[in-house]
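The next block is upload07.cif, given as mmCIF, C-alpha atoms.
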```cif
data_final
#
loop_
_atom_site.label_atom_id
_atom_site.label_comp_id
_atom_site.auth_asym_id
_atom_site.auth_seq_id
_atom_site.Cartn_x
_atom_site.Cartn_y
_atom_site.Cartn_z
CA MET A 34 -14.72 9.86 28.75
CA LYS A 35 -11.55 9.07 30.67
CA ARG A 36 -9.17 6.57 29.13
CA ALA A 37 -6.22 6.74 31.54
CA ILE A 38 -5.90 3.00 32.18
CA TRP A 39 -6.57 1.96 28.59
CA ASN A 40 -4.06 4.50 27.29
CA ARG A 41 -1.49 3.11 29.74
CA ILE A 42 -2.18 -0.46 28.60
CA LYS A 43 -1.82 0.56 24.95
CA ARG A 44 1.49 2.24 25.71
CA TRP A 45 2.79 -0.81 27.59
CA ILE A 46 1.80 -3.12 24.72
CA LYS A 47 3.78 -0.91 22.35
CA GLU A 48 6.79 -0.89 24.68
CA LYS A 49 6.78 -4.57 25.67
CA GLY A 50 5.29 -6.21 22.60
CA ALA A 51 2.70 -8.03 24.72
CA LEU A 52 1.46 -8.07 28.31
CA PHE A 53 1.02 -10.76 30.96
CA ALA A 54 -2.31 -10.55 32.82
CA LEU A 55 -3.07 -12.64 35.89
CA LEU A 56 -6.75 -13.45 36.45
CA PHE A 57 -7.98 -13.87 40.04
CA ASP A 58 -11.18 -15.83 40.61
CA PRO A 59 -12.47 -14.69 44.04
CA ASP A 60 -13.95 -18.14 44.67
CA SER A 61 -10.51 -19.71 44.43
CA ILE A 62 -8.39 -17.49 46.65
CA HIS A 63 -8.34 -16.78 50.38
CA THR A 64 -7.95 -13.27 51.78
CA SER A 65 -4.92 -14.43 53.79
CA GLU A 66 -3.08 -15.23 50.54
CA LEU A 67 -3.90 -12.10 48.55
CA GLU A 68 -1.03 -9.89 49.67
CA ARG A 69 1.60 -12.59 48.99
CA TYR A 70 0.12 -13.39 45.59
CA VAL A 71 0.08 -9.74 44.56
CA GLN A 72 3.64 -9.14 45.71
CA ASP A 73 4.89 -12.31 44.02
CA ALA A 74 3.12 -11.47 40.76
CA GLU A 75 4.35 -7.90 40.60
CA GLY A 76 7.90 -8.99 41.36
CA ALA A 77 7.76 -11.73 38.74
CA GLY A 78 6.81 -9.41 35.89
CA VAL A 79 3.01 -9.59 35.66
CA ASP A 80 1.66 -6.43 33.97
CA LEU A 81 -2.07 -6.46 34.81
CA PHE A 82 -4.49 -8.02 37.26
CA LEU A 83 -7.97 -9.15 36.23
CA VAL A 84 -10.64 -10.21 38.72
CA GLY A 85 -13.96 -11.96 38.16
CA GLY A 86 -15.54 -15.15 36.89
CA SER A 87 -18.56 -16.72 35.23
CA LEU A 88 -20.17 -17.46 38.58
CA ILE A 89 -19.28 -15.97 41.96
CA PHE A 90 -20.35 -17.95 45.01
CA ASP A 91 -18.21 -16.06 47.53
CA ALA A 92 -20.19 -13.56 49.61
CA ASP A 93 -16.86 -11.77 50.21
CA PHE A 94 -16.41 -10.99 46.50
CA ALA A 95 -16.50 -7.20 46.97
CA LYS A 96 -14.25 -7.44 50.03
CA LYS A 97 -11.64 -9.45 48.12
CA VAL A 98 -11.70 -7.05 45.17
CA LYS A 99 -11.20 -4.13 47.54
CA MET A 100 -8.25 -5.91 49.16
CA LEU A 101 -6.72 -6.56 45.74
CA LYS A 102 -7.08 -2.89 44.85
CA GLU A 103 -5.45 -1.82 48.11
CA LYS A 104 -2.51 -4.23 47.75
CA ALA A 105 -1.85 -3.89 44.01
CA ASN A 106 0.36 -1.29 42.36
CA LEU A 107 -0.56 -2.59 38.91
CA PRO A 108 -3.88 -1.80 37.20
CA LEU A 109 -6.79 -3.96 38.38
CA LEU A 110 -9.42 -4.67 35.72
CA LEU A 111 -12.84 -6.13 36.43
CA PHE A 112 -13.66 -9.17 34.28
CA PRO A 113 -17.34 -9.52 35.18
CA GLY A 114 -19.65 -12.44 34.51
CA GLY A 115 -22.66 -10.16 34.83
CA ALA A 116 -24.08 -6.95 36.24
CA MET A 117 -24.18 -8.34 39.79
CA GLN A 118 -20.37 -8.42 39.88
CA ILE A 119 -19.90 -4.67 39.45
CA THR A 120 -17.81 -2.99 42.14
CA GLY A 121 -16.08 0.37 42.19
CA ASP A 122 -12.84 -0.91 43.74
CA VAL A 123 -11.11 -1.42 40.37
CA ASP A 124 -9.18 0.79 37.98
CA ALA A 125 -11.28 -0.11 34.94
CA ILE A 126 -13.78 -2.66 33.68
CA LEU A 127 -13.70 -4.80 30.57
CA PHE A 128 -17.16 -3.79 29.32
CA MET A 129 -17.82 -7.01 27.45
CA SER A 130 -20.36 -8.22 24.96
CA LEU A 131 -20.36 -11.96 24.25
CA ILE A 132 -20.40 -11.48 20.50
CA SER A 133 -19.66 -15.11 19.64
CA GLY A 134 -23.00 -16.12 21.18
CA ARG A 135 -26.55 -15.29 20.25
CA ASN A 136 -28.01 -15.02 23.74
CA PRO A 137 -29.32 -11.43 23.94
CA GLU A 138 -28.81 -11.33 27.70
CA TYR A 139 -25.04 -11.50 27.26
CA LEU A 140 -24.94 -9.51 24.05
CA ILE A 141 -26.70 -6.46 25.55
CA GLY A 142 -28.99 -7.34 28.48
CA GLU A 143 -26.39 -7.48 31.27
CA GLN A 144 -24.66 -4.43 29.78
CA VAL A 145 -27.84 -2.35 30.07
CA LYS A 146 -28.26 -3.42 33.71
CA ALA A 147 -24.64 -2.62 34.52
CA SER A 148 -24.35 0.74 32.74
CA PRO A 149 -26.09 3.00 35.32
CA ILE A 150 -24.06 1.38 38.11
CA ILE A 151 -20.80 1.89 36.23
CA LYS A 152 -21.66 5.53 35.55
CA ALA A 153 -22.56 6.16 39.20
CA LEU A 154 -19.30 4.59 40.36
CA GLY A 155 -17.24 6.46 37.76
CA ILE A 156 -15.42 3.36 36.50
CA GLU A 157 -13.37 3.60 33.32
CA THR A 158 -14.80 1.27 30.67
CA ILE A 159 -12.83 -0.66 28.06
CA PRO A 160 -15.28 -1.82 25.34
CA THR A 161 -14.48 -5.49 24.71
CA GLY A 162 -15.72 -8.07 22.23
CA TYR A 163 -15.72 -11.34 24.14
CA ILE A 164 -15.36 -14.40 21.91
CA LEU A 165 -15.47 -18.03 23.01
CA VAL A 166 -13.53 -20.60 20.98
CA ASP A 167 -14.06 -24.33 21.43
CA SER A 168 -11.53 -25.92 23.78
CA GLY A 169 -12.49 -29.57 23.47
CA ALA A 170 -14.73 -29.57 26.56
CA PRO A 171 -17.73 -27.66 27.93
CA THR A 172 -16.65 -24.65 30.02
CA SER A 173 -18.31 -22.61 32.75
CA VAL A 174 -18.91 -19.59 30.54
CA SER A 175 -20.48 -21.56 27.69
CA PHE A 176 -22.80 -23.34 30.13
CA VAL A 177 -23.79 -20.23 32.10
CA SER A 178 -24.29 -18.08 28.99
CA GLY A 179 -26.06 -20.80 27.02
CA THR A 180 -23.90 -20.09 23.97
CA MET A 181 -21.94 -22.18 21.50
CA PRO A 182 -18.22 -21.45 21.11
CA ILE A 183 -16.71 -20.86 17.69
CA PRO A 184 -15.26 -24.11 16.27
CA ALA A 185 -11.53 -24.35 16.92
CA ASP A 186 -10.73 -24.88 13.24
CA LYS A 187 -12.82 -22.07 11.72
CA PRO A 188 -10.58 -18.97 11.48
CA ASP A 189 -12.93 -17.35 8.96
CA ILE A 190 -15.75 -17.34 11.54
CA LEU A 191 -13.38 -15.95 14.19
CA CYS A 192 -12.23 -13.20 11.81
CA ALA A 193 -15.79 -12.21 10.98
CA HIS A 194 -16.57 -11.78 14.67
CA GLY A 195 -13.33 -9.88 15.28
CA LEU A 196 -14.11 -7.49 12.44
CA ALA A 197 -17.61 -6.96 13.81
CA ALA A 198 -16.10 -6.00 17.18
CA GLN A 199 -13.70 -3.58 15.49
CA TYR A 200 -16.42 -1.97 13.38
CA LEU A 201 -18.65 -1.60 16.45
CA GLY A 202 -15.89 0.49 18.03
CA MET A 203 -14.61 -2.01 20.58
CA LYS A 204 -11.05 -1.47 21.79
CA LEU A 205 -10.08 -5.13 22.01
CA VAL A 206 -11.26 -8.67 21.49
CA TYR A 207 -10.85 -11.18 24.29
CA ILE A 208 -10.48 -14.65 22.76
CA ASP A 209 -11.19 -17.24 25.43
CA ALA A 210 -11.07 -21.02 25.44
CA GLY A 211 -12.75 -20.81 28.86
CA SER A 212 -11.80 -21.68 32.43
CA GLY A 213 -10.52 -25.23 32.71
CA ALA A 214 -10.12 -25.56 28.94
CA LYS A 215 -8.50 -28.77 27.71
CA LYS A 216 -6.55 -26.90 25.06
CA PRO A 217 -5.83 -23.24 24.25
CA VAL A 218 -6.90 -21.32 21.19
CA SER A 219 -4.54 -22.31 18.40
CA THR A 220 -1.80 -20.08 17.04
CA GLN A 221 -3.32 -20.53 13.57
CA MET A 222 -6.60 -19.00 14.76
CA ILE A 223 -4.83 -16.05 16.41
CA LYS A 224 -2.61 -15.43 13.40
CA ALA A 225 -5.62 -15.40 11.08
CA LEU A 226 -7.40 -12.96 13.41
CA ARG A 227 -4.34 -10.71 13.64
CA ASP A 228 -4.26 -10.52 9.86
CA CYS A 229 -7.92 -9.45 9.84
CA ILE A 230 -8.18 -6.83 12.56
CA GLU A 231 -6.27 -3.85 13.93
CA ILE A 232 -7.52 -3.75 17.52
CA GLU A 233 -5.78 -5.49 20.44
CA ILE A 234 -6.17 -9.23 21.05
CA PHE A 235 -6.33 -10.70 24.56
CA VAL A 236 -6.08 -14.51 24.72
CA GLY A 237 -6.90 -16.76 27.67
CA GLY A 238 -7.95 -20.27 28.61
CA GLY A 239 -5.99 -23.52 28.56
CA ILE A 240 -2.54 -21.91 28.35
CA LYS A 241 -0.45 -24.26 30.47
CA ASN A 242 3.16 -23.40 29.67
CA PRO A 243 5.34 -20.42 28.71
CA GLU A 244 6.11 -21.83 25.26
CA THR A 245 2.42 -21.77 24.33
CA ALA A 246 2.15 -18.20 25.60
CA SER A 247 5.18 -17.13 23.57
CA ASN A 248 3.81 -18.75 20.41
CA LEU A 249 0.48 -16.98 20.84
CA VAL A 250 2.28 -13.64 21.19
CA SER A 251 4.32 -14.38 18.06
CA SER A 252 1.04 -15.10 16.28
CA GLY A 253 -0.43 -11.72 17.20
CA ALA A 254 -1.77 -11.77 20.77
CA SER A 255 -1.41 -8.46 22.60
CA THR A 256 -2.03 -9.85 26.09
CA ILE A 257 -1.91 -13.35 27.55
CA VAL A 258 -4.32 -14.04 30.41
CA ILE A 259 -3.55 -16.87 32.86
CA GLY A 260 -5.82 -17.82 35.73
CA ASN A 261 -6.80 -21.43 36.36
CA LEU A 262 -3.22 -22.70 36.12
CA PHE A 263 -2.09 -20.69 39.14
CA GLU A 264 -5.30 -21.37 41.05
CA LYS A 265 -4.35 -25.04 41.08
CA LYS A 266 -0.79 -24.38 42.22
CA TRP A 267 0.90 -21.09 43.03
CA ASP A 268 4.36 -21.20 41.45
CA LEU A 269 6.58 -18.13 41.58
CA LYS A 270 9.20 -19.65 39.27
CA LEU A 271 6.56 -20.41 36.65
CA LEU A 272 5.20 -16.85 36.93
CA ARG A 273 8.65 -15.52 36.06
CA GLU A 274 8.98 -17.94 33.14
CA PHE A 275 5.63 -16.82 31.72
CA ALA A 276 6.61 -13.16 32.03
CA GLN A 277 9.94 -13.76 30.26
CA ALA A 278 8.28 -15.75 27.47
CA ILE A 279 5.57 -13.15 26.88
CA HIS A 280 7.95 -10.17 27.02
CA LYS A 281 10.68 -11.73 24.88
CA ASN A 282 8.96 -10.29 21.79
CA LYS A 283 9.64 -6.79 23.10
CA LEU A 284 9.80 -4.29 20.23
#
```
Starting from the file, give its structure as structure tokens.
Amino acid sequence: MKRAIWNRIKRWIKEKGALFALLFDPDSIHTSELERYVQDAEGAGVDLFLVGGSLIFDADFAKKVKMLKEKANLPLLLFPGGAMQITGDVDAILFMSLISGRNPEYLIGEQVKASPIIKALGIETIPTGYILVDSGAPTSVSFVSGTMPIPADKPDILCAHGLAAQYLGMKLVYIDAGSGAKKPVSTQMIKALRDCIEIEIFVGGGIKNPETASNLVSSGASTIVIGNLFEKKWDLKLLREFAQAIHKNKL
């Protein structure tokens, strides 16, 4: 099984200390803006692009993903909310199981539906344990998946789930407070998880400033994912500040 993109990501994490990933929600961007956003992000120091969302209402989803792939020089990873969001115009897919929930559809059901499509399209898969942590408010993914997030002050529960992901052979855990989160996952939770597991840790949701991103990296995050913040307002200066804060822990 090919691992070209994942091997590149692992190498970059080792070189930079942590990576800055920008998440595009196709429902929130216009095709006329894509090229400028991609150019701005790559020039500002973003390392990866993610695309997807819990729900996709845009009939041009596949078209927008294809445009992103054509414009981007950086790896484009699919961050799918379900099997219906699979498209071949990406470099790899985060093949996720929502292991913090107990809804079988998102633990294994959607994965079974997606697998033959992924194989036919020849997409590189990155096995990912997806873990929701409470952010102080209901989020799209918790509502759509019908799952409860892990309490924000229970690092032992988070560690148990992270270890399960590692022992199941997953390459990373994606710790998410969810889109529109009131607050990010705490540094204490990420530090406890880093002390428990050896695989990479992606963190997203509710990260509103570079200082928070830097603190999460110092606590053990391998990659910081920002999406909703830049959907509300595109800010090139802030993109640069996030990149500098995340990369300042360069080894």
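The spacing separating CA of Ala185 in chain A from CA of Asp167 in chain A amounts to 5.2 Å.
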| said: With distances taken over all atoms listed in the file, which residue among A:Lys204, A:Lys35, A:Lys265, A:Lys152 lies nearest Glu231 in chain A? | reply: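 Answer, going by the shortest atom-to-atom distance: A:Lys204.
What the PyMOL selection byres ((chain A and resi 171) around 12) grabs from this file is Leu165, Val166, Asp167, Ser168, Gly169, Ala170, Thr172, Ser173, Val174, Ser175, Phe176, Val177, Ser178, Gly179, Thr180, Met181, Pro182, Ala210, Gly211, Ser212, Gly213, Ala214, Lys215 and Lys216 of chain A.
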Expressed in Å, the length from CA of Leu67 in chain A to CA of Lys43 in chain A is 26.9 Å
query = Between A:Ile38, A:Leu56, A:Ala278, A:Leu271, which one has atoms that come closest to Thr158 in chain A, using all atoms listed in the file?
reply =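 Of all the options, A:Ile38 lies closest to Thr158 in chain A.
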